[in-house]
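Colleague: Take a look at this one; I'll ask things after.
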Protein chains: 2
Amino acid sequence: MLQLAAYPHQPDYSPRQNDVLDSALRLLVDGGEKALTTAGVARAANCSKESLYKWFGDRDGLLSAMIGFQASKVRTFDDTAETLTAVTLQEHLVLFARDLLEVLAGDVSLALNRLAIGQASRDGSKLGSMLQERGRRQIGKRAGALLEAGRDAGLLVFGDRDDAYDTLYGLIVSDLHLRMLLGEDSGRLVKDFGRRGEKAVSAFLRLYGSEKSSVQS
Amino acid sequence: MLQLAAYPHQPDYSPRQNDVLDSALRLLVDGGEKALTTAGVARAANCSKESLYKWFGDRDGLLSAMIGFQASKVRTFDDTAETLTAVTLQEHLVLFARDLLEVLAGDVSLALNRLAIGQASRDGSKLGSMLQERGRRQIGKRAGALLEAGRDAGLLVFGDRDDAYDTLYGLIVSDLHLRMLLGEDSGRLVKDFGRRGEKAVSAFLRLYGSEKSSVQS
DNA sequence: CATCAACAGTACCGTACGGTACGGTTCGCC
DNA sequence: GGCGAACCGTACCGTACGGTACTGTTGATG
């Protein structure tokens, strides 16, 4: 699991409003977008609809705020302080893979992705690009730093960093994310994230690893 | 592009009803789920709401029928008749990759996936599993046959066929499908499907190809 | 021509939701 | 204590949608 900030970090809203956003996320996770009515949020959060509209403008503003709020809780940490060896690079990659899979499988993440995808056709995909920017881009920065550190240490060989990350991502996730979004029983799939990550990293190292990066499995 | 049956093949519904389903799909593609109202479908298809309910039961029945109807139009073709060489295997894999990407990027496919994902939280994901079964499973059979033919010809080495296909799928698609579902401007991404497929197949062959399968690029 | 089934078009109903308005309450501030 | 801002709870409004009922109209069959 990625680091969660111990304190909400006061991103954009007051503590009271953060509580409301928490309730809204809970509601969304439990019942899907259909359950996310303004009256329902107000009831669940013990606030009035009038306050909702004062704080967030309208329903879309509430949705945007929910995405921003959730993104503000997901923290990526730099794990490239130490100098990399073949073993530690592999370990860090496997750790990254596990974290990535667990974030993608999180119920809040799944609910928000479903929400954004559902709205993608309508409103010019504002929510979709928000999720992209605040979600994948952020986690991609961590992976990119790790990959470049591996290259600097002579353990990885690649030309374009984004291409390498794209390959790594595909090897780790494949269509698992989409299957979960479609509602495939994730309970059955969730619990070999460790093994899945190891296999993906192994394949990635076979593709992009230098000679000196080989690690006996 | 995958083969489209020249004749609708009379899957489950009458020609008149197929026309209605076509109109409904068109409506969904143009305006998203919000635009897919029963009155809208009836107007677009020049039929009455009463007929819609008689034919499809209720709105969910209409959605299911739309998925089934669209799936019935996508035909996978067997391309493993000839005996495989290193070159033809690579060509078939690249062709498969291109077809896969173009299917996933199709506007009807994207609209239906968005629809199913949007409903995944509510109804026990009936539409989601339908899409899985009729879509990915179907296209996966073609890939699976190709992979096994490659193994039989001594060009590929793998233990579990599904694992190998999962890897191939991840290398080809990565998170491109999700990005398109989120509304990322596909126009910018769409047109190097050929190159993307070639690179993915090249990586796949490096992972799963036997000695004798090496092809100079 | 009479009959009957299928269907289009439309009017209608109940409900649910987004958004607004208002009375009552709490709480900080002078 | 008096005042005003923030806010809760609720009532309210307009609209849009899913689903049903009704009235023709067509077209095939005997």
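We label chains A, B, ... in the order they appear in the structure tokens, count residues from 1 in each chain, and number ligands from 1 in the order shown.
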Residues of chain A near chain C: apply a cut-off of 10 Å, count only C-alpha atoms (C1' of nucleotides), and supply the list as a PyMOL selection string.
Modeller: chain A and resi 37-39+49-50+53+58-59
Colleague: Export, as a JSON list (two decimals), in the first residue's frame, the selected residues with C-alpha atoms.
Modeller:
[["chain", "number", "residue", "atom", "x", "y", "z"],
["A", 37, "THR", "CA", -27.07, 11.66, -4.94],
["A", 38, "THR", "CA", -26.79, 15.08, -3.40],
["A", 39, "ALA", "CA", -29.48, 14.20, -0.88],
["A", 49, "LYS", "CA", -27.72, 20.17, 0.60],
["A", 50, "GLU", "CA", -27.46, 23.91, 0.71],
["A", 53, "TYR", "CA", -23.89, 23.59, -3.14],
["A", 58, "ASP", "CA", -22.75, 21.74, -8.14],
["A", 59, "ARG", "CA", -22.66, 17.99, -8.44]]
Colleague: Give me the residues of chain A that have any atom at most 9 Å from an atom of chain B; for each, the nearest atom pair and the distance in Å, rounded to one decimal. Use only C-alpha atoms, sort by chain and number, and format it as a Markdown table.
Modeller:
| residue | atom | partner | partner_atom | distance |
| --- | --- | --- | --- | --- |
| A:Val29 | CA | B:Ser121 | CA | 8.4 |
| A:Asp30 | CA | B:Ser121 | CA | 8.3 |
| A:Gly31 | CA | B:Ser121 | CA | 6.7 |
| A:Gly32 | CA | B:Ser121 | CA | 5.2 |
| A:Glu33 | CA | B:Gly118 | CA | 7.8 |
| A:Lys34 | CA | B:Arg122 | CA | 7.9 |
| A:Ala111 | CA | B:Ser121 | CA | 8.1 |
| A:Asn113 | CA | B:Leu182 | CA | 8.1 |
| A:Arg114 | CA | B:Gly118 | CA | 5.8 |
| A:Leu115 | CA | B:Gly118 | CA | 6.9 |
| A:Ala116 | CA | B:Leu182 | CA | 6.5 |
| A:Ile117 | CA | B:Leu182 | CA | 4.9 |
| A:Gly118 | CA | B:Gly118 | CA | 5.3 |
| A:Gln119 | CA | B:Gly32 | CA | 8.2 |
| A:Ala120 | CA | B:Gly183 | CA | 5.2 |
| A:Ser121 | CA | B:Gly32 | CA | 5.2 |
| A:Arg122 | CA | B:Gly32 | CA | 6.5 |
| A:Gly124 | CA | B:Gly183 | CA | 7.5 |
| A:Ser125 | CA | B:Gly183 | CA | 5.4 |
| A:Lys126 | CA | B:Gly183 | CA | 8.7 |
| A:Leu127 | CA | B:Leu182 | CA | 8.2 |
| A:Gly128 | CA | B:Leu182 | CA | 4.8 |
| A:Ser129 | CA | B:Glu184 | CA | 7.0 |
| A:Leu131 | CA | B:Leu182 | CA | 8.5 |
| A:Gln132 | CA | B:Arg179 | CA | 7.8 |
| A:Asp166 | CA | B:Ser174 | CA | 6.4 |
| A:Thr167 | CA | B:Leu171 | CA | 6.0 |
| A:Leu168 | CA | B:Leu171 | CA | 8.5 |
| A:Tyr169 | CA | B:Ser174 | CA | 6.2 |
| A:Gly170 | CA | B:Ser174 | CA | 3.8 |
| A:Leu171 | CA | B:Gly170 | CA | 5.3 |
| A:Ile172 | CA | B:Gly170 | CA | 7.7 |
| A:Val173 | CA | B:Gly170 | CA | 6.9 |
| A:Ser174 | CA | B:Gly170 | CA | 3.8 |
| A:Asp175 | CA | B:Gly170 | CA | 6.6 |
| A:His177 | CA | B:Leu178 | CA | 8.4 |
| A:Leu178 | CA | B:Leu178 | CA | 7.1 |
| A:Arg179 | CA | B:Gln132 | CA | 7.8 |
| A:Leu181 | CA | B:Ile117 | CA | 6.0 |
| A:Leu182 | CA | B:Gly128 | CA | 4.8 |
| A:Gly183 | CA | B:Ala120 | CA | 5.2 |
| A:Glu184 | CA | B:Ser129 | CA | 7.1 |
| A:Ala200 | CA | B:Thr167 | CA | 8.4 |
| A:Ala203 | CA | B:Leu207 | CA | 6.9 |
| A:Arg206 | CA | B:Leu207 | CA | 7.2 |
| A:Leu207 | CA | B:Ala203 | CA | 6.9 |
Colleague: Atoms to include: C-alpha atoms. Write the selected residues as a compact mmCIF listing (two decimals), in the first residue's frame.
Modeller:
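Output saved as selection.txt:
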# COMPACT_ATOMS: atom_id res chain seq x y z
CA VAL A 29 -17.74 2.86 -2.95
CA ASP A 30 -20.72 1.17 -1.39
CA GLY A 31 -23.39 1.97 -3.92
CA GLY A 32 -21.79 3.16 -7.13
CA GLU A 33 -22.55 6.37 -8.92
CA LYS A 34 -26.28 5.80 -8.75
CA ALA A 111 -15.04 3.43 -7.73
CA ASN A 113 -12.16 5.18 -12.07
CA ARG A 114 -15.64 3.83 -12.79
CA LEU A 115 -17.08 7.25 -12.10
CA ALA A 116 -14.61 9.04 -14.36
CA ILE A 117 -15.06 6.52 -17.15
CA GLY A 118 -18.81 6.86 -16.91
CA GLN A 119 -18.52 10.59 -17.37
CA ALA A 120 -15.87 10.41 -20.07
CA SER A 121 -18.39 10.67 -22.89
CA ARG A 122 -20.17 13.70 -21.56
CA GLY A 124 -15.04 16.51 -22.24
CA SER A 125 -13.49 14.06 -19.81
CA LYS A 126 -12.45 16.58 -17.21
CA LEU A 127 -12.57 13.97 -14.49
CA GLY A 128 -10.68 11.48 -16.61
CA SER A 129 -7.76 13.79 -17.19
CA LEU A 131 -7.46 11.04 -12.58
CA GLN A 132 -4.71 10.61 -15.14
CA ASP A 166 4.96 1.53 -20.43
CA THR A 167 6.39 -1.96 -20.82
CA LEU A 168 6.80 -2.40 -17.09
CA TYR A 169 3.26 -1.23 -16.48
CA GLY A 170 1.85 -3.60 -19.09
CA LEU A 171 3.77 -6.55 -17.70
CA ILE A 172 2.53 -5.85 -14.19
CA VAL A 173 -1.06 -4.96 -14.85
CA SER A 174 -2.00 -6.36 -18.26
CA ASP A 175 -5.79 -6.25 -18.37
CA HIS A 177 -7.28 -3.38 -13.99
CA LEU A 178 -9.96 -3.44 -16.63
CA ARG A 179 -11.24 -6.80 -15.44
CA LEU A 181 -13.33 -2.34 -13.26
CA LEU A 182 -15.78 -4.57 -15.07
CA GLY A 183 -16.64 -6.19 -11.78
CA GLU A 184 -14.79 -9.46 -12.02
CA ALA A 200 6.40 -9.18 -14.19
CA ALA A 203 10.25 -10.50 -17.40
CA ARG A 206 15.00 -10.01 -19.01
CA LEU A 207 13.97 -7.32 -21.48
Colleague: Determine which residues of chain D sit within 9 Å of chain A, taking into account only C-alpha atoms (C1' of nucleotides), and present them as a PyMOL selection string.
Modeller: chain D and resi 7-9
Colleague: Please identify the strand (DSSP E or B) residues within segment 3-217 of chain B (assignment by DSSP from backbone atoms) and present them as JSON, numbers by chain.
Modeller: {"B": [3, 4, 74, 75, 156, 209]}
